[in-house]
Amino acid sequence: CYPYTYTDVQIYMNELEEDPKKKNRVKRKTLCQTLAGNNCDMLIITNFNSDQEAMKYKKGVVITSRVHPGETAGSYMVKGLIDYLTGPTLEAKILRDNFVFRVIPMQNPDGVIIGNYRCSLAGVDLNRQWIDPSRKVHSTIYHTKMMIKKFAEEREIVLYGDFHGHSRKKNIFMYGCSNKMGDKMKERIFPRLLEKTSEIFSYNDCSFVVQKAKEATARVVVWKELNLINSYTLESSFCGADFGKYADYHFNTDHYQIIGYNFCDAILDFCDPDQTKVRSILEEHEIMFPRNSDDDSDDGSDDSDSEKKKKKPKSKAKNKGGASSNSNGGGGGGGSKKTENAKR
C-alpha cells in the first residue's frame, strides 16, 4: 500500500484552511484528543453562505476513514471525496447547497503515528468498540459516535460511509446491512448507483449480510442505533481489479482518489429529485433478488457468495479523472477467505 501519514493529513487540512477560495466551503474542528494527546480532526463541508432557513433543511452525510492505520487506501479515497466537495464544479456546489458533510479523515491518529497496522495505541481494534466505547481509551470512537447522534438530532442523515482498505480481495466494493422489514432492498441502491458512475467499483463483490461478530463495527452500530439504512463500509483492494479495463493491474493512488469522486457523483444521483434511476435499480433488484430467495442470515460471512453473481466485463464510455492503469507498487494478493472473514 501507499504511505499516508498523520503529517500528510495535517498538511492537507492546513492547505484547505489557507485556500481563500475554500474558506466558505470547509471548516476544520478538533473532534477530540487521542490517548497520546494527538488531535483527531473533523472537516465540515457545506455552503456556509447559505441563509439559516436553507441551512436548517440540508441533509447530513458522515464519512470516516483510517480507523485501521495500515489501510492507507482509505486516506486517498477520502482525499478524493474532499477535493471534489471543496472544488469549483457545479456538481460540488449542488452538494454543498443541499448537504452538510462531516468528514473525519483519520480516526486512529495514534495507530498511524506509531506504525500499527490495525490497532490503536491501547492495542485494540477500534472498529470493534462502537457499542460501548470508552471515552478515554477509545476516545475517537466515543466522540465520533456522540457527534453522529447529535448530528442526527439536528438534521436527517442520509448516508454514513467508513472507508477501508482490503488486503485479500480484489476490486473496490461495499459491505452494507440487509434490512428485513419494509425497506428491504433499499440498502442496495447506493452501491448500485456507485457502480454505474465508476469503472472500478464492483457491485458483484458487495455483501449485505451482517455477522454477529460484526455487531460492534461502525456500519452495524450506526445502522442499528440510528436506524440508518445507508450505512456502509467502502473497501478498496491493496492489489487491484479482476475485471474491466484495469483487470490485472495494481491500483494506484489516482484510482483511490477517483473512487472518492465517484462516491460524490453517486450521492447526487441518489438524492436527485428525479428518482428515475433509483426506481429503475429497485425494479432490477426485485428481479435479481426475489424476496423469498434472499439470504439475510446473521450467521453468514461478509464475503458470502450468496450475494455474488457471475461477473461480466464492464464497458464504460469515459474514464473519470484519467487515472493511469500503470501503478508503481501496491501490495496484497492471495490469502484464505477464513482469515479475512474475521477482519471486518
# chains A, B, ... in the order shown; residues from 1 in each chain; ligands from 1

$ select_by_dssp --residues "segment 55-278 of chain A" --states "strand (DSSP E or B)" --output "PyMOL selection string"
chain A and resi 59-65+99-104+157-166+172-175+201+207+231-237+240-241+247+250

$ atom_distance --atom1 "atom CA of Thr217 of chain A" --atom2 "atom CA of Arg128 of chain A"
5.0 Å

$ residues_around --residues "Phe270 of chain A" --least-positions-apart "4" --cutoff "8 Å" --atoms "only C-alpha atoms" --output "list in words"
Ile189, Phe190, Leu193, Ala266, Gln275, Lys277 and Val278 of chain A

$ write_last_selection --atoms "N, CA and C atoms" --output "tab-separated table (two decimals), in the first residue's frame"
chain	number	residue	atom	x	y	z
A	189	ILE	N	-29.35	0.20	-3.16
A	189	ILE	CA	-29.47	1.21	-4.20
A	189	ILE	C	-28.18	2.01	-4.37
A	190	PHE	N	-27.65	2.53	-3.26
A	190	PHE	CA	-26.47	3.39	-3.38
A	190	PHE	C	-25.26	2.65	-3.96
A	193	LEU	N	-25.77	2.46	-7.67
A	193	LEU	CA	-25.53	3.74	-8.32
A	193	LEU	C	-24.04	4.03	-8.43
A	266	ALA	N	-22.37	9.55	-7.03
A	266	ALA	CA	-23.45	8.63	-6.65
A	266	ALA	C	-24.41	9.28	-5.66
A	275	GLN	N	-36.27	10.70	-9.31
A	275	GLN	CA	-35.85	9.41	-8.78
A	275	GLN	C	-35.93	8.28	-9.81
A	277	LYS	N	-33.62	6.95	-11.74
A	277	LYS	CA	-32.53	5.99	-11.61
A	277	LYS	C	-32.74	5.08	-10.40
A	278	VAL	N	-33.19	5.66	-9.31
A	278	VAL	CA	-33.43	4.88	-8.09
A	278	VAL	C	-34.53	3.86	-8.31

$ closest_atom_pairs --of "segment 206-293 of chain A" --to "segment 95-109 of chain A" --cutoff "10 Å" --atoms "only C-alpha atoms" --output "tab-separated table"
residue	atom	partner	partner_atom	distance
A:Cys264	CA	A:Leu95	CA	8.2
A:Asp265	CA	A:Leu95	CA	9.4
A:Ile267	CA	A:Leu95	CA	8.3
A:Leu268	CA	A:Leu95	CA	7.1
A:Cys271	CA	A:Asn98	CA	9.5

$ write_last_selection --atoms "all heavy atoms" --output "PDB file, in the first residue's frame"
ATOM      1  N   CYS A 264     -19.143  10.835  -4.625  1.00  0.00           N
ATOM      2  CA  CYS A 264     -19.918  12.081  -4.635  1.00  0.00           C
ATOM      3  C   CYS A 264     -20.929  12.101  -5.774  1.00  0.00           C
ATOM      4  O   CYS A 264     -22.082  12.536  -5.597  1.00  0.00           O
ATOM      5  CB  CYS A 264     -18.974  13.268  -4.751  1.00  0.00           C
ATOM      6  SG  CYS A 264     -17.863  13.479  -3.335  1.00  0.00           S
ATOM      7  N   ASP A 265     -20.513  11.620  -6.954  1.00  0.00           N
ATOM      8  CA  ASP A 265     -21.450  11.539  -8.080  1.00  0.00           C
ATOM      9  C   ASP A 265     -22.642  10.646  -7.735  1.00  0.00           C
ATOM     10  O   ASP A 265     -23.782  10.939  -8.112  1.00  0.00           O
ATOM     11  CB  ASP A 265     -20.741  10.986  -9.315  1.00  0.00           C
ATOM     12  CG  ASP A 265     -19.814  11.993  -9.971  1.00  0.00           C
ATOM     13  OD1 ASP A 265     -20.071  13.202  -9.843  1.00  0.00           O
ATOM     14  OD2 ASP A 265     -18.824  11.575 -10.601  1.00  0.00           O
ATOM     15  N   ILE A 267     -23.895  10.133  -4.762  1.00  0.00           N
ATOM     16  CA  ILE A 267     -24.775  10.852  -3.836  1.00  0.00           C
ATOM     17  C   ILE A 267     -25.709  11.779  -4.618  1.00  0.00           C
ATOM     18  O   ILE A 267     -26.905  11.886  -4.311  1.00  0.00           O
ATOM     19  CB  ILE A 267     -23.951  11.652  -2.801  1.00  0.00           C
ATOM     20  CG1 ILE A 267     -23.177  10.709  -1.882  1.00  0.00           C
ATOM     21  CG2 ILE A 267     -24.869  12.550  -1.963  1.00  0.00           C
ATOM     22  CD1 ILE A 267     -22.223  11.424  -0.921  1.00  0.00           C
ATOM     23  N   LEU A 268     -25.173  12.438  -5.636  1.00  0.00           N
ATOM     24  CA  LEU A 268     -26.016  13.296  -6.479  1.00  0.00           C
ATOM     25  C   LEU A 268     -27.151  12.506  -7.107  1.00  0.00           C
ATOM     26  O   LEU A 268     -28.318  12.938  -7.094  1.00  0.00           O
ATOM     27  CB  LEU A 268     -25.168  13.936  -7.578  1.00  0.00           C
ATOM     28  CG  LEU A 268     -24.359  15.179  -7.226  1.00  0.00           C
ATOM     29  CD1 LEU A 268     -23.408  15.532  -8.366  1.00  0.00           C
ATOM     30  CD2 LEU A 268     -25.271  16.369  -6.921  1.00  0.00           C
ATOM     31  N   CYS A 271     -29.820  11.272  -4.431  1.00  0.00           N
ATOM     32  CA  CYS A 271     -30.710  12.292  -3.867  1.00  0.00           C
ATOM     33  C   CYS A 271     -31.316  13.213  -4.913  1.00  0.00           C
ATOM     34  O   CYS A 271     -31.915  14.239  -4.581  1.00  0.00           O
ATOM     35  CB  CYS A 271     -29.949  13.110  -2.828  1.00  0.00           C
ATOM     36  SG  CYS A 271     -29.413  12.137  -1.407  1.00  0.00           S
TER      37      CYS A 271
END

$ residues_around --residues "Leu16 of chain A" --least-positions-apart "3" --cutoff "12 Å" --atoms "only C-alpha atoms" --output "list of chain:residue names"
A:Val9, A:Gln10, A:Ile11, A:Tyr12, A:Met13, A:Asp19, A:Pro20, A:Lys21, A:Lys22, A:Lys23, A:Asn24, A:Arg25, A:Val26, A:Lys27, A:Arg28, A:Leu43, A:Ile44, A:Ile45, A:Lys79, A:Ile82, A:Asp83, A:Leu85, A:Thr86, A:Gly87

$ residues_around --residues "Val221 of chain A" --least-positions-apart "2" --cutoff "10 Å" --atoms "only C-alpha atoms" --output "PyMOL selection string"
chain A and resi 128-131+145+214-219+223-228+231

$ write_last_selection --atoms "N, CA, C and O atoms" --output "PDB file, in the first residue's frame"
ATOM      1  N   ARG A 128     -14.097  -2.364  16.628  1.00  0.00           N
ATOM      2  CA  ARG A 128     -14.864  -3.354  17.384  1.00  0.00           C
ATOM      3  C   ARG A 128     -15.328  -2.771  18.714  1.00  0.00           C
ATOM      4  O   ARG A 128     -15.694  -3.503  19.627  1.00  0.00           O
ATOM      5  N   GLN A 129     -15.327  -1.445  18.816  1.00  0.00           N
ATOM      6  CA  GLN A 129     -15.631  -0.788  20.098  1.00  0.00           C
ATOM      7  C   GLN A 129     -16.849   0.119  20.039  1.00  0.00           C
ATOM      8  O   GLN A 129     -17.107   0.886  20.955  1.00  0.00           O
ATOM      9  N   TRP A 130     -17.635   0.030  18.962  1.00  0.00           N
ATOM     10  CA  TRP A 130     -18.682   1.020  18.732  1.00  0.00           C
ATOM     11  C   TRP A 130     -19.905   0.864  19.630  1.00  0.00           C
ATOM     12  O   TRP A 130     -20.658   1.822  19.816  1.00  0.00           O
ATOM     13  N   ILE A 131     -20.135  -0.284  20.203  1.00  0.00           N
ATOM     14  CA  ILE A 131     -21.341  -0.453  21.043  1.00  0.00           C
ATOM     15  C   ILE A 131     -21.224   0.361  22.322  1.00  0.00           C
ATOM     16  O   ILE A 131     -22.144   1.096  22.696  1.00  0.00           O
ATOM     17  N   LYS A 145     -19.124   8.727  17.702  1.00  0.00           N
ATOM     18  CA  LYS A 145     -20.484   8.216  17.923  1.00  0.00           C
ATOM     19  C   LYS A 145     -21.384   9.305  18.511  1.00  0.00           C
ATOM     20  O   LYS A 145     -22.533   9.485  18.077  1.00  0.00           O
ATOM     21  N   LYS A 214     -19.716  -8.964  13.796  1.00  0.00           N
ATOM     22  CA  LYS A 214     -19.525  -7.590  13.313  1.00  0.00           C
ATOM     23  C   LYS A 214     -20.441  -6.591  14.006  1.00  0.00           C
ATOM     24  O   LYS A 214     -20.549  -5.450  13.580  1.00  0.00           O
ATOM     25  N   GLU A 215     -21.131  -7.014  15.058  1.00  0.00           N
ATOM     26  CA  GLU A 215     -22.137  -6.150  15.674  1.00  0.00           C
ATOM     27  C   GLU A 215     -21.554  -4.913  16.350  1.00  0.00           C
ATOM     28  O   GLU A 215     -22.279  -3.955  16.604  1.00  0.00           O
ATOM     29  N   ALA A 216     -20.250  -4.914  16.633  1.00  0.00           N
ATOM     30  CA  ALA A 216     -19.630  -3.755  17.282  1.00  0.00           C
ATOM     31  C   ALA A 216     -18.861  -2.876  16.300  1.00  0.00           C
ATOM     32  O   ALA A 216     -18.108  -2.001  16.717  1.00  0.00           O
ATOM     33  N   THR A 217     -19.066  -3.095  14.992  1.00  0.00           N
ATOM     34  CA  THR A 217     -18.393  -2.273  13.993  1.00  0.00           C
ATOM     35  C   THR A 217     -19.199  -1.005  13.707  1.00  0.00           C
ATOM     36  O   THR A 217     -20.386  -0.919  14.019  1.00  0.00           O
ATOM     37  N   ALA A 218     -18.536  -0.046  13.061  1.00  0.00           N
ATOM     38  CA  ALA A 218     -19.175   1.245  12.801  1.00  0.00           C
ATOM     39  C   ALA A 218     -20.452   1.103  11.982  1.00  0.00           C
ATOM     40  O   ALA A 218     -21.508   1.613  12.363  1.00  0.00           O
ATOM     41  N   ARG A 219     -20.358   0.423  10.847  1.00  0.00           N
ATOM     42  CA  ARG A 219     -21.516   0.393   9.952  1.00  0.00           C
ATOM     43  C   ARG A 219     -22.718  -0.280  10.598  1.00  0.00           C
ATOM     44  O   ARG A 219     -23.850   0.142  10.391  1.00  0.00           O
ATOM     45  N   TRP A 223     -26.163   1.635  11.730  1.00  0.00           N
ATOM     46  CA  TRP A 223     -27.379   1.077  11.124  1.00  0.00           C
ATOM     47  C   TRP A 223     -28.423   0.747  12.185  1.00  0.00           C
ATOM     48  O   TRP A 223     -29.598   1.118  12.062  1.00  0.00           O
ATOM     49  N   LYS A 224     -27.991   0.085  13.259  1.00  0.00           N
ATOM     50  CA  LYS A 224     -28.939  -0.359  14.282  1.00  0.00           C
ATOM     51  C   LYS A 224     -29.406   0.770  15.191  1.00  0.00           C
ATOM     52  O   LYS A 224     -30.603   0.934  15.437  1.00  0.00           O
ATOM     53  N   GLU A 225     -28.476   1.557  15.714  1.00  0.00           N
ATOM     54  CA  GLU A 225     -28.827   2.541  16.733  1.00  0.00           C
ATOM     55  C   GLU A 225     -29.460   3.801  16.143  1.00  0.00           C
ATOM     56  O   GLU A 225     -30.241   4.478  16.807  1.00  0.00           O
ATOM     57  N   LEU A 226     -29.098   4.138  14.903  1.00  0.00           N
ATOM     58  CA  LEU A 226     -29.677   5.329  14.275  1.00  0.00           C
ATOM     59  C   LEU A 226     -30.714   4.973  13.221  1.00  0.00           C
ATOM     60  O   LEU A 226     -31.279   5.861  12.584  1.00  0.00           O
ATOM     61  N   ASN A 227     -30.954   3.673  13.042  1.00  0.00           N
ATOM     62  CA  ASN A 227     -31.894   3.212  12.016  1.00  0.00           C
ATOM     63  C   ASN A 227     -31.559   3.795  10.643  1.00  0.00           C
ATOM     64  O   ASN A 227     -32.446   4.205   9.888  1.00  0.00           O
ATOM     65  N   LEU A 228     -30.267   3.849  10.344  1.00  0.00           N
ATOM     66  CA  LEU A 228     -29.799   4.412   9.082  1.00  0.00           C
ATOM     67  C   LEU A 228     -29.595   3.288   8.067  1.00  0.00           C
ATOM     68  O   LEU A 228     -28.674   2.477   8.199  1.00  0.00           O
ATOM     69  N   SER A 231     -25.828   2.679   5.626  1.00  0.00           N
ATOM     70  CA  SER A 231     -24.628   2.659   6.458  1.00  0.00           C
ATOM     71  C   SER A 231     -23.687   1.620   5.863  1.00  0.00           C
ATOM     72  O   SER A 231     -24.015   0.435   5.820  1.00  0.00           O
TER      73      SER A 231
END

$ atom_distance --atom1 "atom CA of Ile148 of chain A" --atom2 "atom CA of Gly60 of chain A"
9.6 Å

$ closest_atom_pairs --of "segment 111-138 of chain A" --to "segment 63-72 of chain A" --cutoff "6 Å" --atoms "only C-alpha atoms" --output "CSV"
residue,atom,partner,partner_atom,distance
A:Gly111,CA,A:Pro69,CA,5.6
A:Val112,CA,A:Pro69,CA,4.8
A:Tyr117,CA,A:Gly70,CA,4.2
A:Arg118,CA,A:His68,CA,4.6

$ write_last_selection --atoms "all heavy atoms" --output "mmCIF file, in the first residue's frame"
data_model
loop_
_atom_site.group_PDB
_atom_site.id
_atom_site.type_symbol
_atom_site.label_atom_id
_atom_site.label_comp_id
_atom_site.auth_asym_id
_atom_site.auth_seq_id
_atom_site.Cartn_x
_atom_site.Cartn_y
_atom_site.Cartn_z
ATOM 1 N N GLY A 111 -2.440 5.197 16.147
ATOM 2 C CA GLY A 111 -2.025 3.978 15.459
ATOM 3 C C GLY A 111 -1.206 4.279 14.220
ATOM 4 O O GLY A 111 -0.222 3.585 13.919
ATOM 5 N N VAL A 112 -1.598 5.338 13.505
ATOM 6 C CA VAL A 112 -0.853 5.741 12.307
ATOM 7 C C VAL A 112 0.548 6.213 12.696
ATOM 8 O O VAL A 112 1.553 5.821 12.090
ATOM 9 C CB VAL A 112 -1.603 6.848 11.543
ATOM 10 C CG1 VAL A 112 -0.740 7.412 10.418
ATOM 11 C CG2 VAL A 112 -2.917 6.307 10.982
ATOM 12 N N TYR A 117 -0.541 -1.634 12.307
ATOM 13 C CA TYR A 117 -1.277 -1.997 11.102
ATOM 14 C C TYR A 117 -2.777 -1.906 11.325
ATOM 15 O O TYR A 117 -3.516 -1.417 10.470
ATOM 16 C CB TYR A 117 -0.915 -3.413 10.651
ATOM 17 C CG TYR A 117 -1.773 -3.895 9.491
ATOM 18 C CD1 TYR A 117 -1.605 -3.352 8.220
ATOM 19 C CD2 TYR A 117 -2.773 -4.840 9.684
ATOM 20 C CE1 TYR A 117 -2.404 -3.754 7.171
ATOM 21 C CE2 TYR A 117 -3.574 -5.253 8.633
ATOM 22 C CZ TYR A 117 -3.388 -4.709 7.378
ATOM 23 O OH TYR A 117 -4.183 -5.102 6.338
ATOM 24 N N ARG A 118 -3.245 -2.349 12.494
ATOM 25 C CA ARG A 118 -4.689 -2.463 12.702
ATOM 26 C C ARG A 118 -5.186 -1.822 13.995
ATOM 27 O O ARG A 118 -6.319 -1.381 14.080
ATOM 28 C CB ARG A 118 -5.074 -3.950 12.670
ATOM 29 C CG ARG A 118 -6.562 -4.177 12.650
ATOM 30 C CD ARG A 118 -6.891 -5.622 12.346
ATOM 31 N NE ARG A 118 -8.316 -5.831 12.275
ATOM 32 C CZ ARG A 118 -9.074 -5.561 11.220
ATOM 33 N NH1 ARG A 118 -8.525 -5.066 10.133
ATOM 34 N NH2 ARG A 118 -10.372 -5.774 11.242
#

$ select_by_dssp --residues "segment 79-174 of chain A" --states "helix (DSSP H, G or I)" --output "number ranges by chain"
A: 79-85, 90-98, 109-114, 126-128, 139-154

$ residues_around --residues "segment 36-39 of chain A" --least-positions-apart "3" --cutoff "7 Å" --atoms "only C-alpha atoms" --output "VMD selection string"
chain A and resid 30 32 to 33 109 to 110

$ atom_distance --atom1 "atom CA of Tyr175 of chain A" --atom2 "atom CA of Lys245 of chain A"
23.7 Å

$ residues_around --residues "Gly80 of chain A" --least-positions-apart "4" --cutoff "8 Å" --atoms "only C-alpha atoms" --output "ChimeraX atom specification"
/A:76,84,256-261

$ write_last_selection --atoms "N, CA and C atoms" --output "compact mmCIF listing (two decimals), in the first residue's frame"
# COMPACT_ATOMS: atom_id res chain seq x y z
N TYR A 76 -6.59 8.00 0.75
CA TYR A 76 -6.62 8.53 -0.62
C TYR A 76 -8.06 8.63 -1.13
N TYR A 84 -13.24 16.82 -4.27
CA TYR A 84 -14.45 17.00 -5.07
C TYR A 84 -15.39 17.99 -4.38
N TYR A 256 -7.67 5.34 -6.25
CA TYR A 256 -8.32 5.51 -4.95
C TYR A 256 -9.01 6.87 -4.85
N GLN A 257 -8.34 7.92 -5.34
CA GLN A 257 -8.96 9.24 -5.27
C GLN A 257 -10.17 9.34 -6.19
N ILE A 258 -10.11 8.68 -7.33
CA ILE A 258 -11.24 8.71 -8.27
C ILE A 258 -12.48 8.07 -7.66
N ILE A 259 -12.30 7.03 -6.85
CA ILE A 259 -13.48 6.41 -6.24
C ILE A 259 -14.12 7.40 -5.25
N GLY A 260 -13.32 8.31 -4.68
CA GLY A 260 -13.88 9.39 -3.86
C GLY A 260 -14.73 10.33 -4.68
N TYR A 261 -14.27 10.65 -5.91
CA TYR A 261 -15.09 11.49 -6.80
C TYR A 261 -16.38 10.76 -7.17
